[in-house]
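*Asks:* Let me begin by handing over the structure; questions about it come next.
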Number of protein chains: 2
Amino acid sequence: MSQIEQILKGDRLALARAISLVENESERGRHLLDRLFSRTGRAHIIGVTGPSGAGKSTLVNGLVKSWLSLHPSAKIGVIAVDPTSPFTGGALLGDRLRMKDIAGDDRVFIRSMATRGALGGLSRTVPAVIQVMDAASLDPIIVETVGAGQAEVEIARVAHTTLVVEAPGLGDDVQAIKAGILEIADILVVNKADRLGEDLVVQSLRAMLELGFQKPTADSRGEISQVWIPPIVKTIATEGNGISELVDQIQEHAAFIRGNGSWRKKDRRRLESWLESLYAEKKQVQWEKVVRTKTYAGLLTSLLARRLSPYQVIDQIIGKKSKNPS
Amino acid sequence: MSQIEQILKGDRLALARAISLVENESERGRHLLDRLFSRTGRAHIIGVTGPSGAGKSTLVNGLVKSWLSLHPSAKIGVIAVDPTSPFTGGALLGDRLRMKDIAGDDRVFIRSMATRGALGGLSRTVPAVIQVMDAASLDPIIVETVGAGQAEVEIARVAHTTLVVEAPGLGDDVQAIKAGILEIADILVVNKADRLGEDLVVQSLRAMLELGFQKPTADSRGEISQVWIPPIVKTIATEGNGISELVDQIQEHAAFIRGNGSWRKKDRRRLESWLESLYAEKKQVQWEKVVRTKTYAGLLTSLLARRLSPYQVIDQIIGKKSKNPS
């Protein structure tokens, strides 16, 4: 059986190897992606984000367990994106521990990936790894990442359904940050709902939702406008409480976006944002070539001596005559 | 007097107008920058970052006050980069309140700027605004931003001296995140040092420093190697405690990096990273043009139909023949 066939069949070893090739951005990995791409586009991609300490991994563990009890024949992909430790160079292993219930199940394929830089966003190979899992018929594919700025925005760009997980007592209560998070959340999860301060978290999320979303109103033809208002689901992931309601809400969201055309729009947005980042990568490679040229070295000398401004240097590199009249 | 002369003289109104031109990325702003650039490169740029709730603005308020009492003839620039609220569209005003002691002082020029997107990094015009302030002989220039992922990395790229501010009880104690922060910190500040848990924050920072830095050892010629180990300064910014020690440490760091050549290196790194982002912006503009072409529309249709992979689309856009053998 060819490598492609093995992956499509969901062979775990072939899948693991394919993901490694793709993660290393090798030429072989690229060809594999080209060939697998026609078999993708079916999986429901679920993003899980939120501050560290909110219990995201435990929640994913519970979510997968609950999903499998409802759909015993499902095969599920989990991508856990962790900040790289600069001391060990590897992704954190804690996730594996918190996903112990599902780590041994052969219907579940878990892959840990490091973030781009210690504080950066998603690894740039996340979309490619999703595609390999999608081709292998893993569905849903859950992408979990700590909510540190850029990563949250990026996860919303790849996911059909984005869960933002909060918990009481994380000191993460600055309005502006949460307001930004609300823009990307399809479902708000208040985990550790047995902890002191749970009601405050729920209340402040509810207040922000009311600020941010108009109540659905009947339009001129008497139809209710199609607005998804993120539900707030309370969970205690360590005990499994609230997880089945969360699964319901995720499936309801999937049905909602399939019904109103958003699913296709999100698929398109994901692919377009992937294109944009591939283009930016190519241009980044070009820049790295520019930096090694003699021309650049000369321009840099003029820049450091304050004879040319940064804009003038860039104009010279790109080949446009400077329009500066001075 | 010409606009340029007024700015160089430090005229507040001319400075405010110049910064607005630069922030709007107008053609006039660009020409102004080209002409001011030769007058820059003197200011000490100090970055202040850390989680929300650490008391950064109050600390900056105290820092500026203390600096001015030591150097009464100094003129100081403050750039406060706040997350934009998606509901109001403007930067938060809270900073102004927390900087009340210095907001009325005509030796201090404060400018609030919004972040790039609600969760994004520094505004891309921050380096340009720094240059205008630098030309106006503001020195030091303090850039304050909430530590949300990317912004921290970016602040370290523009600053000579980066302060990372922590405080007890912020729930921001994940080792990996702090480890990332340590890479950028020149000085660690534990603010709100009168709060419960202060010793824990100090201890964990110290433990990480010991992990991350070798003790300075004498080399083969018996000289102590030049390694800056970030000091940990405890402050209670609301009461002014520890601020004068912080000023000392900042000046010591400045002297250290001037002495070992890092000052110039940091200047160069800042300008090079500015060049790189200007180049990326130009390419971004090119991409936005590509997206509006018929060719792109056709390729996108093939992509969504899974006939072409994202890599194949990009190769066609960039004009390289696909090397895919399949």
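Each chain in the structure tokens gets a letter, A, B and so on, in the order shown; residues start at 1 in every chain, and ligands are counted from 1 in the order they appear.
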Which neighbours of Thr145 of chain A fall inside 8 Å, counting only C-alpha atoms, when residues of the same chain fewer than 5 positions from it are skipped, and could you give them as a list in words?

*Replies:*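 Close residues of Thr145 of chain A: Gly47, Val48, Thr49, Gly50, Ala80, Val81, Asp82, Leu122, Ala151, Glu152 and Ile155 of chain A.
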
*Asks:* Write out as a PyMOL selection string the residues lying within 7 Å of segment 183-197 of chain A, counting only C-alpha atoms and excluding same-chain residues fewer than 6 positions away.

*Replies:* chain A and resi 54-55+153+156+161-169+230-237

*Asks:* Would you put the residues from that selection into a file with C-alpha atoms, as a tab-separated table (two decimals), in the first residue's frame?

*Replies:*
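This went into selection-v9.tsv:
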```tsv
chain	number	residue	atom	x	y	z
A	54	ALA	CA	-8.08	27.76	32.59
A	55	GLY	CA	-7.92	23.97	32.27
A	153	VAL	CA	-6.60	35.45	16.42
A	156	ALA	CA	-10.12	31.71	14.99
A	161	THR	CA	-15.93	26.69	15.93
A	162	THR	CA	-13.79	28.57	18.45
A	163	LEU	CA	-14.12	27.88	22.17
A	164	VAL	CA	-12.72	30.50	24.52
A	165	VAL	CA	-12.14	29.02	27.96
A	166	GLU	CA	-12.07	31.21	31.03
A	167	ALA	CA	-11.91	30.31	34.71
A	168	PRO	CA	-12.36	32.18	37.98
A	169	GLY	CA	-9.34	33.65	39.71
A	230	PRO	CA	-22.03	32.81	21.81
A	231	PRO	CA	-23.55	30.67	24.56
A	232	ILE	CA	-21.82	30.57	27.94
A	233	VAL	CA	-21.28	26.99	29.09
A	234	LYS	CA	-20.23	26.25	32.67
A	235	THR	CA	-18.02	23.21	33.13
A	236	ILE	CA	-15.99	21.40	35.76
A	237	ALA	CA	-13.74	19.53	33.39
```

*Asks:* From a DSSP calculation on the backbone, collect every residue of segment 5-202 of chain B in helix (DSSP H, G or I) and output the set as a PyMOL selection string.

*Replies:* chain B and resi 5-9+12-23+27-39+56-70+94-98+100-103+126-135+150-158+175-184+198-202

*Asks:* Could you work out how far atom CA of Asn61 of chain B lies from atom CA of Met99 of chain B, giving the answer in Å with one decimal?

*Replies:*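 So the two atoms, atom CA of Met99 of chain B and atom CA of Asn61 of chain B, lie 4.8 Å apart.
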
*Asks:* If we count only C-alpha atoms, what is near segment 128-138 of chain A at a cut-off of 7 Å, once residues fewer than 6 positions away on the same chain are taken out, given as a list in words?

*Replies:*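 Selected residues are Ile7, Leu8, Lys9, Gly10, Ile19, Val22, Leu36, Phe37, Arg39, Thr40, Gly41, Arg42, Ala43, Lys75, Ile76 and Gly77 of chain A.
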
*Asks:* What would the file look like if the residues just selected were written as a PDB file, in the first residue's frame with N, CA, C and O atoms?

*Replies:*
```
ATOM      1  N   ILE A   7      -2.161   6.740   4.661  1.00  0.00           N
ATOM      2  CA  ILE A   7      -2.641   7.920   5.383  1.00  0.00           C
ATOM      3  C   ILE A   7      -4.161   8.039   5.256  1.00  0.00           C
ATOM      4  O   ILE A   7      -4.861   8.237   6.250  1.00  0.00           O
ATOM      5  N   LEU A   8      -4.657   7.883   4.040  1.00  0.00           N
ATOM      6  CA  LEU A   8      -6.099   8.013   3.817  1.00  0.00           C
ATOM      7  C   LEU A   8      -6.881   6.980   4.626  1.00  0.00           C
ATOM      8  O   LEU A   8      -7.980   7.242   5.098  1.00  0.00           O
ATOM      9  N   LYS A   9      -6.264   5.817   4.800  1.00  0.00           N
ATOM     10  CA  LYS A   9      -6.890   4.755   5.590  1.00  0.00           C
ATOM     11  C   LYS A   9      -6.798   5.053   7.106  1.00  0.00           C
ATOM     12  O   LYS A   9      -7.442   4.397   7.910  1.00  0.00           O
ATOM     13  N   GLY A  10      -5.965   6.048   7.467  1.00  0.00           N
ATOM     14  CA  GLY A  10      -5.850   6.418   8.869  1.00  0.00           C
ATOM     15  C   GLY A  10      -4.810   5.612   9.635  1.00  0.00           C
ATOM     16  O   GLY A  10      -4.849   5.563  10.864  1.00  0.00           O
ATOM     17  N   ILE A  19       2.996  13.713   9.206  1.00  0.00           N
ATOM     18  CA  ILE A  19       2.962  14.974   9.959  1.00  0.00           C
ATOM     19  C   ILE A  19       4.381  15.476  10.217  1.00  0.00           C
ATOM     20  O   ILE A  19       4.658  16.674  10.109  1.00  0.00           O
ATOM     21  N   VAL A  22       5.715  17.080   7.134  1.00  0.00           N
ATOM     22  CA  VAL A  22       5.055  18.362   6.918  1.00  0.00           C
ATOM     23  C   VAL A  22       5.582  19.416   7.903  1.00  0.00           C
ATOM     24  O   VAL A  22       5.832  20.561   7.530  1.00  0.00           O
ATOM     25  N   LEU A  36      -2.419  15.096  -0.978  1.00  0.00           N
ATOM     26  CA  LEU A  36      -3.509  14.825  -0.024  1.00  0.00           C
ATOM     27  C   LEU A  36      -4.610  15.879  -0.097  1.00  0.00           C
ATOM     28  O   LEU A  36      -5.734  15.645   0.342  1.00  0.00           O
ATOM     29  N   PHE A  37      -4.255  17.038  -0.651  1.00  0.00           N
ATOM     30  CA  PHE A  37      -5.158  18.186  -0.524  1.00  0.00           C
ATOM     31  C   PHE A  37      -6.560  17.918  -1.090  1.00  0.00           C
ATOM     32  O   PHE A  37      -7.563  18.360  -0.525  1.00  0.00           O
ATOM     33  N   ARG A  39      -8.252  15.434  -0.889  1.00  0.00           N
ATOM     34  CA  ARG A  39      -9.054  14.593   0.001  1.00  0.00           C
ATOM     35  C   ARG A  39      -9.433  15.314   1.281  1.00  0.00           C
ATOM     36  O   ARG A  39      -9.803  14.671   2.263  1.00  0.00           O
ATOM     37  N   THR A  40      -9.299  16.635   1.310  1.00  0.00           N
ATOM     38  CA  THR A  40      -9.557  17.368   2.552  1.00  0.00           C
ATOM     39  C   THR A  40     -10.797  18.246   2.434  1.00  0.00           C
ATOM     40  O   THR A  40     -11.387  18.361   1.365  1.00  0.00           O
ATOM     41  N   GLY A  41     -11.154  18.861   3.553  1.00  0.00           N
ATOM     42  CA  GLY A  41     -12.275  19.800   3.556  1.00  0.00           C
ATOM     43  C   GLY A  41     -13.522  19.243   4.223  1.00  0.00           C
ATOM     44  O   GLY A  41     -14.573  19.851   4.178  1.00  0.00           O
ATOM     45  N   ARG A  42     -13.388  18.084   4.846  1.00  0.00           N
ATOM     46  CA  ARG A  42     -14.568  17.495   5.483  1.00  0.00           C
ATOM     47  C   ARG A  42     -14.621  17.707   6.988  1.00  0.00           C
ATOM     48  O   ARG A  42     -15.673  17.827   7.581  1.00  0.00           O
ATOM     49  N   ALA A  43     -13.460  17.729   7.652  1.00  0.00           N
ATOM     50  CA  ALA A  43     -13.436  17.733   9.119  1.00  0.00           C
ATOM     51  C   ALA A  43     -13.988  19.021   9.718  1.00  0.00           C
ATOM     52  O   ALA A  43     -13.835  20.100   9.156  1.00  0.00           O
ATOM     53  N   LYS A  75     -13.255   9.158  14.625  1.00  0.00           N
ATOM     54  CA  LYS A  75     -11.807   9.251  14.849  1.00  0.00           C
ATOM     55  C   LYS A  75     -11.491  10.728  15.020  1.00  0.00           C
ATOM     56  O   LYS A  75     -11.914  11.552  14.211  1.00  0.00           O
ATOM     57  N   ILE A  76     -10.771  11.037  16.076  1.00  0.00           N
ATOM     58  CA  ILE A  76     -10.609  12.447  16.468  1.00  0.00           C
ATOM     59  C   ILE A  76      -9.136  12.847  16.465  1.00  0.00           C
ATOM     60  O   ILE A  76      -8.278  12.105  16.942  1.00  0.00           O
ATOM     61  N   GLY A  77      -8.843  14.024  15.906  1.00  0.00           N
ATOM     62  CA  GLY A  77      -7.483  14.565  15.931  1.00  0.00           C
ATOM     63  C   GLY A  77      -7.370  15.666  16.977  1.00  0.00           C
ATOM     64  O   GLY A  77      -8.294  16.460  17.142  1.00  0.00           O
TER      65      GLY A  77
END
```

*Asks:* Please report the interatomic distance between atom CA of Ser2 of chain B and atom CA of Asp105 of chain B in Å with one decimal.

*Replies:*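 Atom CA of Asp105 of chain B lies at a distance of 25.3 Å from atom CA of Ser2 of chain B.
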
*Asks:* When distances are computed from only C-alpha atoms, which of A:Leu200, A:Ile229, A:Leu182, A:Ile250 shows the smallest separation from chain B?

*Replies:*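 Residue with the minimum atom-to-atom distance to chain B: A:Leu182.
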
*Asks:* If we count only C-alpha atoms and set the cut-off at 10 Å, which residues sit around Ser309 of chain B, ignoring sequence neighbours fewer than 3 positions away in its own chain? Please answer as a list in words.

*Replies:*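 The contact residues come out as Arg30, His31, Leu33, Asp34, Arg35, Leu36, Phe37, Ser38, Leu271 and Leu275 of chain A; Leu299, Leu300, Ser302, Leu303, Leu304, Ala305, Arg306, Gln312, Val313, Ile314 and Asp315 of chain B.
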
*Asks:* Of the residues B:Ser52, B:Ser204, B:Ser112, B:Gln3, which is the one nearest to chain A, using only C-alpha atoms?

*Replies:*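 Going through B:Ser52, B:Ser204, B:Ser112, B:Gln3 one by one, the smallest distance to chain A is for B:Ser52.
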
*Asks:* In Å, rounded to a single decimal, give me how far atom CA of Arg124 of chain A is from atom CA of Ala16 of chain A.

*Replies:*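 Going from atom CA of Ala16 of chain A over to atom CA of Arg124 of chain A covers 17.9 Å.
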
*Asks:* Between A:Ala255, A:Met1, A:Val146, A:Leu170, which has the minimum distance to Gly53 of chain B (counting only C-alpha atoms)?

*Replies:*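 Between A:Ala255, A:Met1, A:Val146, A:Leu170, the residue approaching Gly53 of chain B most closely is A:Leu170.
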
*Asks:* Considering only C-alpha atoms, return as a PyMOL selection string whatever protein or nucleic-acid residues lie within 10 Å of Val108 of chain B, sequence-local ones (same chain, fewer than 3 positions apart) excluded.

*Replies:* chain B and resi 12+64-65+68+74-78+102-105+111+138-139+141

*Asks:* If you keep N, CA, C and O atoms, can you produce a file of those selected residues as an mmCIF file, in the first residue's frame?

*Replies:*
```cif
data_model
loop_
_atom_site.group_PDB
_atom_site.id
_atom_site.type_symbol
_atom_site.label_atom_id
_atom_site.label_comp_id
_atom_site.auth_asym_id
_atom_site.auth_seq_id
_atom_site.Cartn_x
_atom_site.Cartn_y
_atom_site.Cartn_z
ATOM 1 N N ARG B 12 5.834 71.627 21.442
ATOM 2 C CA ARG B 12 4.875 70.552 21.715
ATOM 3 C C ARG B 12 3.818 70.407 20.625
ATOM 4 O O ARG B 12 3.451 69.296 20.240
ATOM 5 N N VAL B 64 9.193 58.449 35.753
ATOM 6 C CA VAL B 64 9.408 59.749 35.120
ATOM 7 C C VAL B 64 9.609 60.828 36.189
ATOM 8 O O VAL B 64 10.508 61.668 36.085
ATOM 9 N N LYS B 65 8.767 60.770 37.236
ATOM 10 C CA LYS B 65 8.884 61.740 38.326
ATOM 11 C C LYS B 65 10.273 61.691 38.942
ATOM 12 O O LYS B 65 10.931 62.708 39.150
ATOM 13 N N LEU B 68 13.014 62.982 36.624
ATOM 14 C CA LEU B 68 13.021 64.446 36.530
ATOM 15 C C LEU B 68 13.589 65.102 37.784
ATOM 16 O O LEU B 68 14.186 66.179 37.722
ATOM 17 N N ALA B 74 15.848 67.374 31.955
ATOM 18 C CA ALA B 74 15.524 66.333 30.973
ATOM 19 C C ALA B 74 14.157 66.587 30.340
ATOM 20 O O ALA B 74 13.290 67.220 30.938
ATOM 21 N N LYS B 75 14.022 66.108 29.105
ATOM 22 C CA LYS B 75 12.698 66.070 28.477
ATOM 23 C C LYS B 75 12.426 64.611 28.131
ATOM 24 O O LYS B 75 13.279 63.945 27.552
ATOM 25 N N ILE B 76 11.258 64.148 28.540
ATOM 26 C CA ILE B 76 10.991 62.707 28.475
ATOM 27 C C ILE B 76 9.788 62.409 27.584
ATOM 28 O O ILE B 76 8.776 63.102 27.654
ATOM 29 N N GLY B 77 9.922 61.400 26.751
ATOM 30 C CA GLY B 77 8.801 60.952 25.924
ATOM 31 C C GLY B 77 8.203 59.670 26.477
ATOM 32 O O GLY B 77 8.930 58.793 26.943
ATOM 33 N N VAL B 78 6.886 59.569 26.473
ATOM 34 C CA VAL B 78 6.209 58.348 26.907
ATOM 35 C C VAL B 78 5.242 57.923 25.800
ATOM 36 O O VAL B 78 4.417 58.725 25.350
ATOM 37 N N ILE B 102 2.513 63.232 36.014
ATOM 38 C CA ILE B 102 3.431 63.696 34.975
ATOM 39 C C ILE B 102 2.701 64.280 33.766
ATOM 40 O O ILE B 102 3.303 64.947 32.934
ATOM 41 N N ALA B 103 1.370 64.036 33.706
ATOM 42 C CA ALA B 103 0.627 64.419 32.500
ATOM 43 C C ALA B 103 0.621 65.931 32.298
ATOM 44 O O ALA B 103 0.534 66.417 31.172
ATOM 45 N N GLY B 104 0.749 66.679 33.380
ATOM 46 C CA GLY B 104 0.704 68.138 33.243
ATOM 47 C C GLY B 104 2.081 68.792 33.140
ATOM 48 O O GLY B 104 2.189 70.007 32.969
ATOM 49 N N ASP B 105 3.141 67.997 33.244
ATOM 50 C CA ASP B 105 4.501 68.545 33.255
ATOM 51 C C ASP B 105 4.962 68.814 31.826
ATOM 52 O O ASP B 105 4.924 67.920 30.987
ATOM 53 N N ARG B 111 2.150 60.139 24.616
ATOM 54 C CA ARG B 111 1.327 59.822 23.456
ATOM 55 C C ARG B 111 0.727 58.435 23.631
ATOM 56 O O ARG B 111 1.450 57.466 23.862
ATOM 57 N N LEU B 138 13.765 64.314 23.009
ATOM 58 C CA LEU B 138 13.205 63.674 24.199
ATOM 59 C C LEU B 138 14.133 62.504 24.546
ATOM 60 O O LEU B 138 14.518 61.731 23.670
ATOM 61 N N ASP B 139 14.518 62.408 25.816
ATOM 62 C CA ASP B 139 15.476 61.374 26.222
ATOM 63 C C ASP B 139 15.422 61.228 27.735
ATOM 64 O O ASP B 139 15.744 62.192 28.425
ATOM 65 N N ILE B 141 13.066 57.865 26.080
ATOM 66 C CA ILE B 141 11.737 57.634 25.520
ATOM 67 C C ILE B 141 11.258 56.294 26.067
ATOM 68 O O ILE B 141 11.913 55.273 25.882
#
```
